[in-house]
Structure formats: structure tokens, C-alpha cells
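Have a look at protein-v5.pdb below; it lists PDB, C-alpha atoms.
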```pdb
ATOM      1  CA  ASP V   1       6.497 -23.167   8.651  1.00  0.00           C
ATOM      2  CA  SER V   2       4.523 -22.342   5.499  1.00  0.00           C
ATOM      3  CA  GLY V   3       1.670 -24.729   6.267  1.00  0.00           C
ATOM      4  CA  VAL V   4       2.414 -26.832   3.183  1.00  0.00           C
ATOM      5  CA  THR V   5       3.378 -30.417   4.011  1.00  0.00           C
ATOM      6  CA  GLN V   6       5.235 -32.888   1.848  1.00  0.00           C
ATOM      7  CA  THR V   7       5.902 -36.572   2.376  1.00  0.00           C
ATOM      8  CA  PRO V   8       8.188 -38.367   2.432  1.00  0.00           C
ATOM      9  CA  LYS V   9      11.056 -36.103   3.397  1.00  0.00           C
ATOM     10  CA  HIS V  10      13.618 -38.415   1.803  1.00  0.00           C
ATOM     11  CA  LEU V  11      13.261 -41.201  -0.722  1.00  0.00           C
ATOM     12  CA  ILE V  12      15.945 -43.514  -2.035  1.00  0.00           C
ATOM     13  CA  THR V  13      15.139 -45.844  -4.882  1.00  0.00           C
ATOM     14  CA  ALA V  14      16.670 -47.575  -7.886  1.00  0.00           C
ATOM     15  CA  THR V  15      16.640 -46.803 -11.581  1.00  0.00           C
ATOM     16  CA  GLY V  16      13.557 -48.048 -13.374  1.00  0.00           C
ATOM     17  CA  GLN V  17      11.356 -47.783 -10.311  1.00  0.00           C
ATOM     18  CA  ARG V  18       8.253 -45.674  -9.734  1.00  0.00           C
ATOM     19  CA  VAL V  19       7.618 -43.374  -6.770  1.00  0.00           C
ATOM     20  CA  THR V  20       4.825 -41.125  -5.555  1.00  0.00           C
ATOM     21  CA  LEU V  21       5.398 -37.842  -3.766  1.00  0.00           C
ATOM     22  CA  ARG V  22       2.603 -36.324  -1.754  1.00  0.00           C
ATOM     23  CA  CYS V  23       1.725 -32.721  -0.989  1.00  0.00           C
ATOM     24  CA  SER V  24      -0.935 -31.178   1.235  1.00  0.00           C
ATOM     25  CA  PRO V  25      -1.546 -27.487   0.560  1.00  0.00           C
ATOM     26  CA  ARG V  26      -2.162 -24.822   3.183  1.00  0.00           C
ATOM     27  CA  SER V  27      -5.667 -24.848   4.562  1.00  0.00           C
ATOM     28  CA  GLY V  28      -7.910 -22.962   2.151  1.00  0.00           C
ATOM     29  CA  ASP V  29      -5.470 -22.961  -0.770  1.00  0.00           C
ATOM     30  CA  LEU V  30      -6.919 -24.327  -4.006  1.00  0.00           C
ATOM     31  CA  SER V  31      -3.846 -24.322  -6.200  1.00  0.00           C
ATOM     32  CA  VAL V  32      -0.838 -26.652  -6.023  1.00  0.00           C
ATOM     33  CA  TYR V  33       2.421 -26.319  -7.938  1.00  0.00           C
ATOM     34  CA  TRP V  34       5.253 -28.813  -8.341  1.00  0.00           C
ATOM     35  CA  TYR V  35       8.898 -27.845  -8.845  1.00  0.00           C
ATOM     36  CA  GLN V  36      12.139 -29.733  -9.339  1.00  0.00           C
ATOM     37  CA  GLN V  37      15.440 -28.479  -7.966  1.00  0.00           C
ATOM     38  CA  SER V  38      18.404 -30.327  -9.414  1.00  0.00           C
ATOM     39  CA  LEU V  39      22.064 -29.379  -9.078  1.00  0.00           C
ATOM     40  CA  ASP V  40      22.619 -28.608 -12.743  1.00  0.00           C
ATOM     41  CA  GLN V  41      19.222 -27.186 -13.696  1.00  0.00           C
ATOM     42  CA  GLY V  42      18.219 -24.917 -10.854  1.00  0.00           C
ATOM     43  CA  LEU V  43      14.590 -24.604  -9.814  1.00  0.00           C
ATOM     44  CA  GLN V  44      12.173 -25.667 -12.541  1.00  0.00           C
ATOM     45  CA  PHE V  45       8.399 -25.426 -12.684  1.00  0.00           C
ATOM     46  CA  LEU V  46       6.748 -28.747 -13.501  1.00  0.00           C
ATOM     47  CA  ILE V  47       2.980 -28.386 -13.273  1.00  0.00           C
ATOM     48  CA  GLN V  48       0.121 -26.520 -11.587  1.00  0.00           C
ATOM     49  CA  TYR V  49      -3.286 -27.785 -10.494  1.00  0.00           C
ATOM     50  CA  TYR V  50      -6.212 -25.656  -9.478  1.00  0.00           C
ATOM     51  CA  ASN V  51      -9.186 -27.200  -7.694  1.00  0.00           C
ATOM     52  CA  GLY V  52      -8.520 -30.597  -9.225  1.00  0.00           C
ATOM     53  CA  GLU V  53      -7.829 -29.450 -12.773  1.00  0.00           C
ATOM     54  CA  GLU V  54      -4.516 -29.013 -14.540  1.00  0.00           C
ATOM     55  CA  ARG V  55      -3.938 -25.264 -14.953  1.00  0.00           C
ATOM     56  CA  ALA V  56      -0.420 -24.855 -16.340  1.00  0.00           C
ATOM     57  CA  LYS V  57       2.297 -27.175 -17.518  1.00  0.00           C
ATOM     58  CA  GLY V  58       5.983 -26.436 -17.476  1.00  0.00           C
ATOM     59  CA  ASN V  59       9.021 -28.547 -18.073  1.00  0.00           C
ATOM     60  CA  ILE V  60       7.522 -31.883 -16.988  1.00  0.00           C
ATOM     61  CA  LEU V  61       8.728 -35.112 -18.524  1.00  0.00           C
ATOM     62  CA  GLU V  62       6.261 -37.612 -19.991  1.00  0.00           C
ATOM     63  CA  ARG V  63       7.427 -40.142 -17.380  1.00  0.00           C
ATOM     64  CA  PHE V  64       6.092 -37.812 -14.705  1.00  0.00           C
ATOM     65  CA  SER V  65       2.445 -37.199 -13.937  1.00  0.00           C
ATOM     66  CA  ALA V  66       0.480 -35.460 -11.250  1.00  0.00           C
ATOM     67  CA  GLN V  67      -3.035 -35.127  -9.976  1.00  0.00           C
ATOM     68  CA  GLN V  68      -4.975 -33.159  -7.400  1.00  0.00           C
ATOM     69  CA  PHE V  69      -7.640 -34.961  -5.414  1.00  0.00           C
ATOM     70  CA  PRO V  70     -11.030 -33.698  -4.161  1.00  0.00           C
ATOM     71  CA  ASP V  71      -9.518 -32.981  -0.743  1.00  0.00           C
ATOM     72  CA  LEU V  72      -6.987 -30.796  -2.636  1.00  0.00           C
ATOM     73  CA  HIS V  73      -3.902 -32.794  -1.771  1.00  0.00           C
ATOM     74  CA  SER V  74      -1.704 -33.576  -4.742  1.00  0.00           C
ATOM     75  CA  GLU V  75       0.554 -36.406  -5.794  1.00  0.00           C
ATOM     76  CA  LEU V  76       3.460 -36.354  -8.213  1.00  0.00           C
ATOM     77  CA  ASN V  77       4.185 -39.720  -9.801  1.00  0.00           C
ATOM     78  CA  LEU V  78       7.640 -40.356 -11.222  1.00  0.00           C
ATOM     79  CA  SER V  79       8.123 -43.538 -13.237  1.00  0.00           C
ATOM     80  CA  SER V  80      10.954 -45.318 -15.048  1.00  0.00           C
ATOM     81  CA  LEU V  81      13.311 -43.388 -12.839  1.00  0.00           C
ATOM     82  CA  GLU V  82      16.719 -42.401 -14.108  1.00  0.00           C
ATOM     83  CA  LEU V  83      19.803 -41.239 -12.251  1.00  0.00           C
ATOM     84  CA  GLY V  84      19.157 -37.724 -13.506  1.00  0.00           C
ATOM     85  CA  ASP V  85      15.816 -37.602 -11.726  1.00  0.00           C
ATOM     86  CA  SER V  86      17.640 -37.300  -8.413  1.00  0.00           C
ATOM     87  CA  ALA V  87      16.600 -33.906  -7.116  1.00  0.00           C
ATOM     88  CA  LEU V  88      14.699 -31.991  -4.495  1.00  0.00           C
ATOM     89  CA  TYR V  89      11.017 -31.824  -5.376  1.00  0.00           C
ATOM     90  CA  PHE V  90       9.057 -28.916  -3.953  1.00  0.00           C
ATOM     91  CA  CYS V  91       5.364 -28.434  -3.778  1.00  0.00           C
ATOM     92  CA  ALA V  92       3.865 -24.968  -3.323  1.00  0.00           C
ATOM     93  CA  SER V  93       0.315 -23.792  -2.825  1.00  0.00           C
ATOM     94  CA  SER V  94      -1.608 -20.583  -3.340  1.00  0.00           C
ATOM     95  CA  VAL V  95      -5.066 -19.340  -2.517  1.00  0.00           C
ATOM     96  CA  SER V  96      -6.490 -19.329  -6.016  1.00  0.00           C
ATOM     97  CA  GLY V  97      -5.506 -20.127  -9.574  1.00  0.00           C
ATOM     98  CA  GLN V  98      -4.430 -16.547 -10.218  1.00  0.00           C
ATOM     99  CA  ARG V  99      -0.939 -16.605 -11.625  1.00  0.00           C
ATOM    100  CA  ALA V 100       0.147 -13.626  -9.579  1.00  0.00           C
ATOM    101  CA  ASP V 101      -0.721 -15.308  -6.296  1.00  0.00           C
ATOM    102  CA  THR V 102       1.894 -15.614  -3.594  1.00  0.00           C
ATOM    103  CA  GLN V 103       3.085 -19.201  -3.536  1.00  0.00           C
ATOM    104  CA  TYR V 104       3.995 -20.904  -0.268  1.00  0.00           C
ATOM    105  CA  PHE V 105       6.578 -23.645  -0.541  1.00  0.00           C
ATOM    106  CA  GLY V 106       6.671 -26.907   1.355  1.00  0.00           C
ATOM    107  CA  PRO V 107       9.868 -28.357   2.825  1.00  0.00           C
ATOM    108  CA  GLY V 108      10.525 -30.567  -0.191  1.00  0.00           C
ATOM    109  CA  THR V 109      11.114 -34.263  -0.838  1.00  0.00           C
ATOM    110  CA  ARG V 110      14.669 -35.261  -1.617  1.00  0.00           C
ATOM    111  CA  LEU V 111      14.714 -38.090  -4.143  1.00  0.00           C
ATOM    112  CA  THR V 112      17.861 -40.111  -4.693  1.00  0.00           C
ATOM    113  CA  VAL V 113      17.917 -42.569  -7.573  1.00  0.00           C
ATOM    114  CA  LEU V 114      20.732 -45.122  -7.354  1.00  0.00           C
TER     115      LEU V 114
ATOM    116  CA  ILE M   1      13.257 -19.191 -24.930  1.00  0.00           C
ATOM    117  CA  LEU M   2      12.397 -17.827 -21.503  1.00  0.00           C
ATOM    118  CA  ASN M   3      15.775 -16.785 -20.151  1.00  0.00           C
ATOM    119  CA  VAL M   4      15.799 -15.247 -16.711  1.00  0.00           C
ATOM    120  CA  GLU M   5      19.152 -13.800 -15.737  1.00  0.00           C
ATOM    121  CA  GLN M   6      20.194 -12.637 -12.299  1.00  0.00           C
ATOM    122  CA  SER M   7      23.223 -10.604 -11.407  1.00  0.00           C
ATOM    123  CA  PRO M   8      25.491 -10.669  -9.649  1.00  0.00           C
ATOM    124  CA  GLN M   9      25.816 -14.410  -9.056  1.00  0.00           C
ATOM    125  CA  SER M  10      27.107 -13.763  -5.541  1.00  0.00           C
ATOM    126  CA  LEU M  11      27.698 -10.809  -3.319  1.00  0.00           C
ATOM    127  CA  HIS M  12      29.604 -10.305  -0.074  1.00  0.00           C
ATOM    128  CA  VAL M  13      28.814  -7.164   1.914  1.00  0.00           C
ATOM    129  CA  GLN M  14      29.471  -5.834   5.380  1.00  0.00           C
ATOM    130  CA  GLU M  15      26.718  -5.473   7.958  1.00  0.00           C
ATOM    131  CA  GLY M  16      25.046  -2.117   7.455  1.00  0.00           C
ATOM    132  CA  ASP M  17      25.790  -1.884   3.732  1.00  0.00           C
ATOM    133  CA  SER M  18      22.917  -1.390   1.334  1.00  0.00           C
ATOM    134  CA  THR M  19      22.857  -3.572  -1.732  1.00  0.00           C
ATOM    135  CA  ASN M  20      20.831  -4.373  -4.811  1.00  0.00           C
ATOM    136  CA  PHE M  21      20.468  -7.184  -7.325  1.00  0.00           C
ATOM    137  CA  THR M  22      19.074  -7.366 -10.835  1.00  0.00           C
ATOM    138  CA  CYS M  23      16.688  -9.782 -12.490  1.00  0.00           C
ATOM    139  CA  SER M  24      16.345  -9.629 -16.291  1.00  0.00           C
ATOM    140  CA  PHE M  25      13.508 -11.376 -18.065  1.00  0.00           C
ATOM    141  CA  PRO M  26      11.734 -11.465 -21.456  1.00  0.00           C
ATOM    142  CA  SER M  27       9.608  -8.358 -21.968  1.00  0.00           C
ATOM    143  CA  SER M  28       6.953 -10.182 -24.009  1.00  0.00           C
ATOM    144  CA  ASN M  29       3.991 -12.174 -22.635  1.00  0.00           C
ATOM    145  CA  PHE M  30       4.680 -10.888 -19.146  1.00  0.00           C
ATOM    146  CA  TYR M  31       2.251 -11.821 -16.406  1.00  0.00           C
ATOM    147  CA  ALA M  32       4.079 -11.590 -13.086  1.00  0.00           C
ATOM    148  CA  LEU M  33       7.519 -11.351 -11.517  1.00  0.00           C
ATOM    149  CA  HIS M  34       8.179 -13.124  -8.217  1.00  0.00           C
ATOM    150  CA  TRP M  35      11.016 -12.610  -5.755  1.00  0.00           C
ATOM    151  CA  TYR M  36      11.925 -15.301  -3.233  1.00  0.00           C
ATOM    152  CA  ARG M  37      14.370 -15.530  -0.363  1.00  0.00           C
ATOM    153  CA  TRP M  38      15.947 -18.950   0.011  1.00  0.00           C
ATOM    154  CA  GLU M  39      18.044 -19.870   2.995  1.00  0.00           C
ATOM    155  CA  THR M  40      20.265 -22.915   2.919  1.00  0.00           C
ATOM    156  CA  ALA M  41      18.476 -26.129   3.928  1.00  0.00           C
ATOM    157  CA  LYS M  42      15.100 -24.400   3.878  1.00  0.00           C
ATOM    158  CA  SER M  43      12.484 -23.829   1.191  1.00  0.00           C
ATOM    159  CA  PRO M  44      11.951 -20.637  -0.831  1.00  0.00           C
ATOM    160  CA  GLU M  45      10.027 -17.924   0.973  1.00  0.00           C
ATOM    161  CA  ALA M  46       7.973 -15.475  -1.083  1.00  0.00           C
ATOM    162  CA  LEU M  47       9.008 -11.839  -0.800  1.00  0.00           C
ATOM    163  CA  PHE M  48       7.070 -10.061  -3.532  1.00  0.00           C
ATOM    164  CA  VAL M  49       4.822 -10.664  -6.515  1.00  0.00           C
ATOM    165  CA  MET M  50       4.643  -7.798  -8.988  1.00  0.00           C
ATOM    166  CA  THR M  51       2.438  -7.543 -12.032  1.00  0.00           C
ATOM    167  CA  LEU M  52       2.323  -3.941 -13.269  1.00  0.00           C
ATOM    168  CA  ASN M  53       5.016  -1.901 -14.953  1.00  0.00           C
ATOM    169  CA  GLY M  54       6.354   0.574 -12.414  1.00  0.00           C
ATOM    170  CA  ASP M  55       5.266  -1.532  -9.428  1.00  0.00           C
ATOM    171  CA  GLU M  56       7.230  -0.937  -6.270  1.00  0.00           C
ATOM    172  CA  LYS M  57       6.886  -3.182  -3.255  1.00  0.00           C
ATOM    173  CA  LYS M  58       8.428  -2.906   0.185  1.00  0.00           C
ATOM    174  CA  LYS M  59       8.720  -5.228   3.175  1.00  0.00           C
ATOM    175  CA  GLY M  60      10.783  -3.820   6.008  1.00  0.00           C
ATOM    176  CA  ARG M  61      14.294  -3.101   4.722  1.00  0.00           C
ATOM    177  CA  ILE M  62      13.703  -4.939   1.444  1.00  0.00           C
ATOM    178  CA  SER M  63      12.100  -3.348  -1.589  1.00  0.00           C
ATOM    179  CA  ALA M  64      11.685  -4.182  -5.257  1.00  0.00           C
ATOM    180  CA  THR M  65      10.866  -2.385  -8.473  1.00  0.00           C
ATOM    181  CA  LEU M  66       9.579  -3.636 -11.800  1.00  0.00           C
ATOM    182  CA  ASN M  67      10.071  -2.485 -15.392  1.00  0.00           C
ATOM    183  CA  THR M  68       8.147  -4.787 -17.720  1.00  0.00           C
ATOM    184  CA  LYS M  69       8.841  -2.742 -20.865  1.00  0.00           C
ATOM    185  CA  GLU M  70      12.580  -3.235 -20.657  1.00  0.00           C
ATOM    186  CA  GLY M  71      12.382  -6.542 -18.780  1.00  0.00           C
ATOM    187  CA  TYR M  72      14.102  -6.009 -15.462  1.00  0.00           C
ATOM    188  CA  SER M  73      13.441  -5.895 -11.743  1.00  0.00           C
ATOM    189  CA  TYR M  74      15.655  -4.655  -8.943  1.00  0.00           C
ATOM    190  CA  LEU M  75      15.705  -5.931  -5.378  1.00  0.00           C
ATOM    191  CA  TYR M  76      17.145  -3.575  -2.763  1.00  0.00           C
ATOM    192  CA  ILE M  77      18.216  -4.346   0.781  1.00  0.00           C
ATOM    193  CA  LYS M  78      18.856  -1.360   3.012  1.00  0.00           C
ATOM    194  CA  GLY M  79      21.249  -1.740   5.921  1.00  0.00           C
ATOM    195  CA  SER M  80      22.039  -5.429   5.379  1.00  0.00           C
ATOM    196  CA  GLN M  81      22.096  -7.665   8.427  1.00  0.00           C
ATOM    197  CA  PRO M  82      23.746 -11.103   8.811  1.00  0.00           C
ATOM    198  CA  GLU M  83      20.283 -12.679   8.883  1.00  0.00           C
ATOM    199  CA  ASP M  84      19.725 -11.366   5.333  1.00  0.00           C
ATOM    200  CA  SER M  85      22.306 -13.884   4.128  1.00  0.00           C
ATOM    201  CA  ALA M  86      20.474 -16.116   1.660  1.00  0.00           C
ATOM    202  CA  THR M  87      19.971 -16.737  -2.033  1.00  0.00           C
ATOM    203  CA  TYR M  88      17.515 -14.334  -3.642  1.00  0.00           C
ATOM    204  CA  LEU M  89      15.616 -15.855  -6.563  1.00  0.00           C
ATOM    205  CA  CYS M  90      13.448 -14.153  -9.114  1.00  0.00           C
ATOM    206  CA  ALA M  91      10.897 -15.946 -11.283  1.00  0.00           C
ATOM    207  CA  PHE M  92       9.231 -14.725 -14.482  1.00  0.00           C
ATOM    208  CA  GLN M  93       5.698 -15.910 -15.113  1.00  0.00           C
ATOM    209  CA  ASN M  94       3.864 -15.835 -18.438  1.00  0.00           C
ATOM    210  CA  ASN M  95       0.510 -17.316 -19.362  1.00  0.00           C
ATOM    211  CA  ASN M  96       1.581 -20.920 -19.012  1.00  0.00           C
ATOM    212  CA  ASP M  97       5.009 -21.172 -17.461  1.00  0.00           C
ATOM    213  CA  MET M  98       7.239 -19.927 -14.704  1.00  0.00           C
ATOM    214  CA  ARG M  99      10.999 -19.620 -15.116  1.00  0.00           C
ATOM    215  CA  PHE M 100      13.460 -19.038 -12.313  1.00  0.00           C
ATOM    216  CA  GLY M 101      16.788 -17.299 -12.404  1.00  0.00           C
ATOM    217  CA  ALA M 102      19.833 -18.953 -10.899  1.00  0.00           C
ATOM    218  CA  GLY M 103      19.712 -16.604  -7.926  1.00  0.00           C
ATOM    219  CA  THR M 104      22.015 -14.114  -6.255  1.00  0.00           C
ATOM    220  CA  ARG M 105      23.755 -15.501  -3.213  1.00  0.00           C
ATOM    221  CA  LEU M 106      24.151 -12.779  -0.587  1.00  0.00           C
ATOM    222  CA  THR M 107      26.545 -13.096   2.337  1.00  0.00           C
ATOM    223  CA  VAL M 108      26.455 -10.366   4.974  1.00  0.00           C
ATOM    224  CA  LYS M 109      29.507 -10.282   7.229  1.00  0.00           C
ATOM    225  CA  PRO M 110      29.109  -9.000  10.798  1.00  0.00           C
TER     226      PRO M 110
END
```
C-alpha cells encoding of this file:
Amino acid sequence: DSGVTQTPKHLITATGQRVTLRCSPRSGDLSVYWYQQSLDQGLQFLIQYYNGEERAKGNILERFSAQQFPDLHSELNLSSLELGDSALYFCASSVSGQRADTQYFGPGTRLTVL
Amino acid sequence: ILNVEQSPQSLHVQEGDSTNFTCSFPSSNFYALHWYRWETAKSPEALFVMTLNGDEKKKGRISATLNTKEGYSYLYIKGSQPEDSATYLCAFQNNNDMRFGAGTRLTVKP
């Protein structure tokens, strides 16, 4: 157990809908990262937040957004969902915003878009 | 384009064999190279983070080296055990992005 928690574990929804995935970092970690693992794309970095501020942005679609709250938990919002958004979404956390920090991954949220 | 290549794609070895995998990455704008161990139905587990050319890291029977000038990293497993069976992922990090390889899937047969 890495200490990173993600909810829900599974989510099934329909195309066009909007969902919110939640992540709580390890106690004391200030940085949160979001990743998408799809069958055809492998593991892809979406976005990083550090202490409430966006720190780095990867391959995140405009339909997706994220934020980190004062208590350091983070939410990833996915809107206008498409079939291709079906994937496993991981959150990871690290102690600081240093890019060479060890990242600890949560168990993931499996999203299925029907 | 940030292409991260890992080879081989998969590897089957006998218990006790030593093995190694390669991760190739762009040699420009390098910031860090991460190695992860990913077991089926679990989440990636960090093994090493390396930042300096010539870095060598070791954790038990697993070690890694880094060459940022030529853009490659090696991961070595000495005396493989069945519990080492997993996918080993590397990830290249620059100033604003992190790109993962497709992984090397290792199967260690008892």
C-alpha cells in the first residue's frame, strides 16, 4: 500500500457524460500527478499539481481538467466523455515539486465509457 | 517528439538467471529517468530515480545505470526469482513532461 488513495475504484458511465475522479496523496506529500493508462497508448502523463498550483502539463485533453485543493487532495474532471476515454486513471504523489522525486502511485480508477 | 523505447518487449528467463533491459530516451532536455516495477493488477512501484550522467543505483538484486549523453539506461536483475516477474517501465522526464516506455515484461520460471 503506497498510502495514495483513489476513489472510486470503478466507474461506468455513458458517452457525453461528466465524471470526477478523486485522489488523496500520501500524508505530507505536496505534489499530485495524474496519469492515463489505456490499452493502445500505454501510460501517459496528464498533469501535475504542487501545493495547489499547476506545475507541469502533459498530454491532457481540453475536455479534461484537474485541481488540487487546500487539503492537497486532487480531482480530475473528465467531460463530454467518449468511448476512447475508457482507461485506468492513476494518481501519484511525491514529497515536493522536484521533478526527480520518487512518485508513489495509487491503486487507480478504472473508467468504462459505454 | 519524446520517444522512449524499451527492449526487449518481453523476456522469459529461468530462476537464477541474471538479466538486463534497456531504456532509450532523447538525450536533450534531460531532467530525470525513472524506473518502475509493475505487477499485474497492481499499480507501478518506483524502483529508481536517476538524474546525473553516470548514476548507478542499487536495491537488493536490482541495479540501474544511466548514460544521459547517449540517452540510455540499463536495468539489471541478478539471480532472478519468480517474484521478480513483472513489467519494468522506464520514464523520461524533461522540464515539463514525462514519457513512459512500453515496458519490458519479465517472466521468471521456477
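Of the listed residues M:Lys78, M:Lys42, M:Lys59, M:Arg37, the one whose atoms come nearest to chain V is M:Lys42, with distances taken using all atoms listed in the file.
Under the PyMOL selection byres ((chain V and resi 18) around 6), the matching residues in the shown file are Gln17, Val19, Leu78, Ser79 and Ser80 of chain V.
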Determine, using only C-alpha atoms, which residues of chain M have any atom at most 12 Å from an atom of chain V, and tabulate each with its shortest atom pair and distance in Å to one decimal place, rows ordered by chain and then rising number, as CSV.
```
residue,atom,partner,partner_atom,distance
M:Leu2,CA,V:Gly58,CA,11.5
M:Val4,CA,V:Gly42,CA,11.6
M:Phe30,CA,V:Ala100,CA,10.9
M:Tyr31,CA,V:Ala100,CA,7.4
M:Ala32,CA,V:Ala100,CA,5.6
M:Leu33,CA,V:Ala100,CA,8.0
M:His34,CA,V:Ala100,CA,8.2
M:Trp35,CA,V:Thr102,CA,9.8
M:Tyr36,CA,V:Gln103,CA,9.7
M:Arg37,CA,V:Phe105,CA,11.3
M:Trp38,CA,V:Phe105,CA,10.5
M:Glu39,CA,V:Pro107,CA,11.8
M:Thr40,CA,V:Pro107,CA,11.7
M:Ala41,CA,V:Pro107,CA,9.0
M:Lys42,CA,V:Pro107,CA,6.6
M:Ser43,CA,V:Pro107,CA,5.5
M:Pro44,CA,V:Phe105,CA,6.2
M:Glu45,CA,V:Tyr104,CA,6.8
M:Ala46,CA,V:Thr102,CA,6.6
M:Leu47,CA,V:Thr102,CA,8.5
M:Phe48,CA,V:Thr102,CA,7.6
M:Val49,CA,V:Ala100,CA,6.3
M:Met50,CA,V:Ala100,CA,7.4
M:Thr51,CA,V:Ala100,CA,6.9
M:Leu52,CA,V:Ala100,CA,10.6
M:Leu89,CA,V:Leu43,CA,9.4
M:Cys90,CA,V:Leu43,CA,10.5
M:Ala91,CA,V:Leu43,CA,9.5
M:Phe92,CA,V:Ala100,CA,10.4
M:Gln93,CA,V:Arg99,CA,7.5
M:Asn94,CA,V:Arg99,CA,8.4
M:Asn95,CA,V:Arg99,CA,7.9
M:Asn96,CA,V:Ala56,CA,5.2
M:Asp97,CA,V:Gly58,CA,5.4
M:Met98,CA,V:Phe45,CA,6.0
M:Arg99,CA,V:Gln44,CA,6.7
M:Phe100,CA,V:Leu43,CA,6.2
M:Gly101,CA,V:Gly42,CA,7.9
M:Ala102,CA,V:Gly42,CA,6.2
M:Gly103,CA,V:Gly42,CA,8.9
```
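What separates atom CA of Thr13 of chain V from atom CA of Gln67 of chain V is a distance of 21.7 Å.
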(request) Please write the residues picked by the PyMOL selection byres ((chain V and resi 94-97) around 6) on this file as a list of chain:residue names. (result) V:Asp29, V:Leu30, V:Ser31, V:Tyr50, V:Ser93, V:Gln98, V:Gln103
(request) Evaluate the PyMOL selection byres ((chain M and resi 8) around 10) here and jot the selected residues down as a ChimeraX atom specification. (result) /M:5-7,9-11,20-23,103-106
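Those residues that approach Asp55 of chain M to within 8 Å, counting all atoms listed in the file, are Met50, Thr65, Leu66 and Asn67 of chain M; same-chain residues fewer than 5 positions away are not listed.
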(message) Neighbouring residues of Ser65 of chain V were defined as those with any atom within 8 Å, considering only C-alpha atoms; residues of the same chain fewer than 3 positions away were excluded. Please report them as a PyMOL selection string.
(response) chain V and resi 60+62+76-78
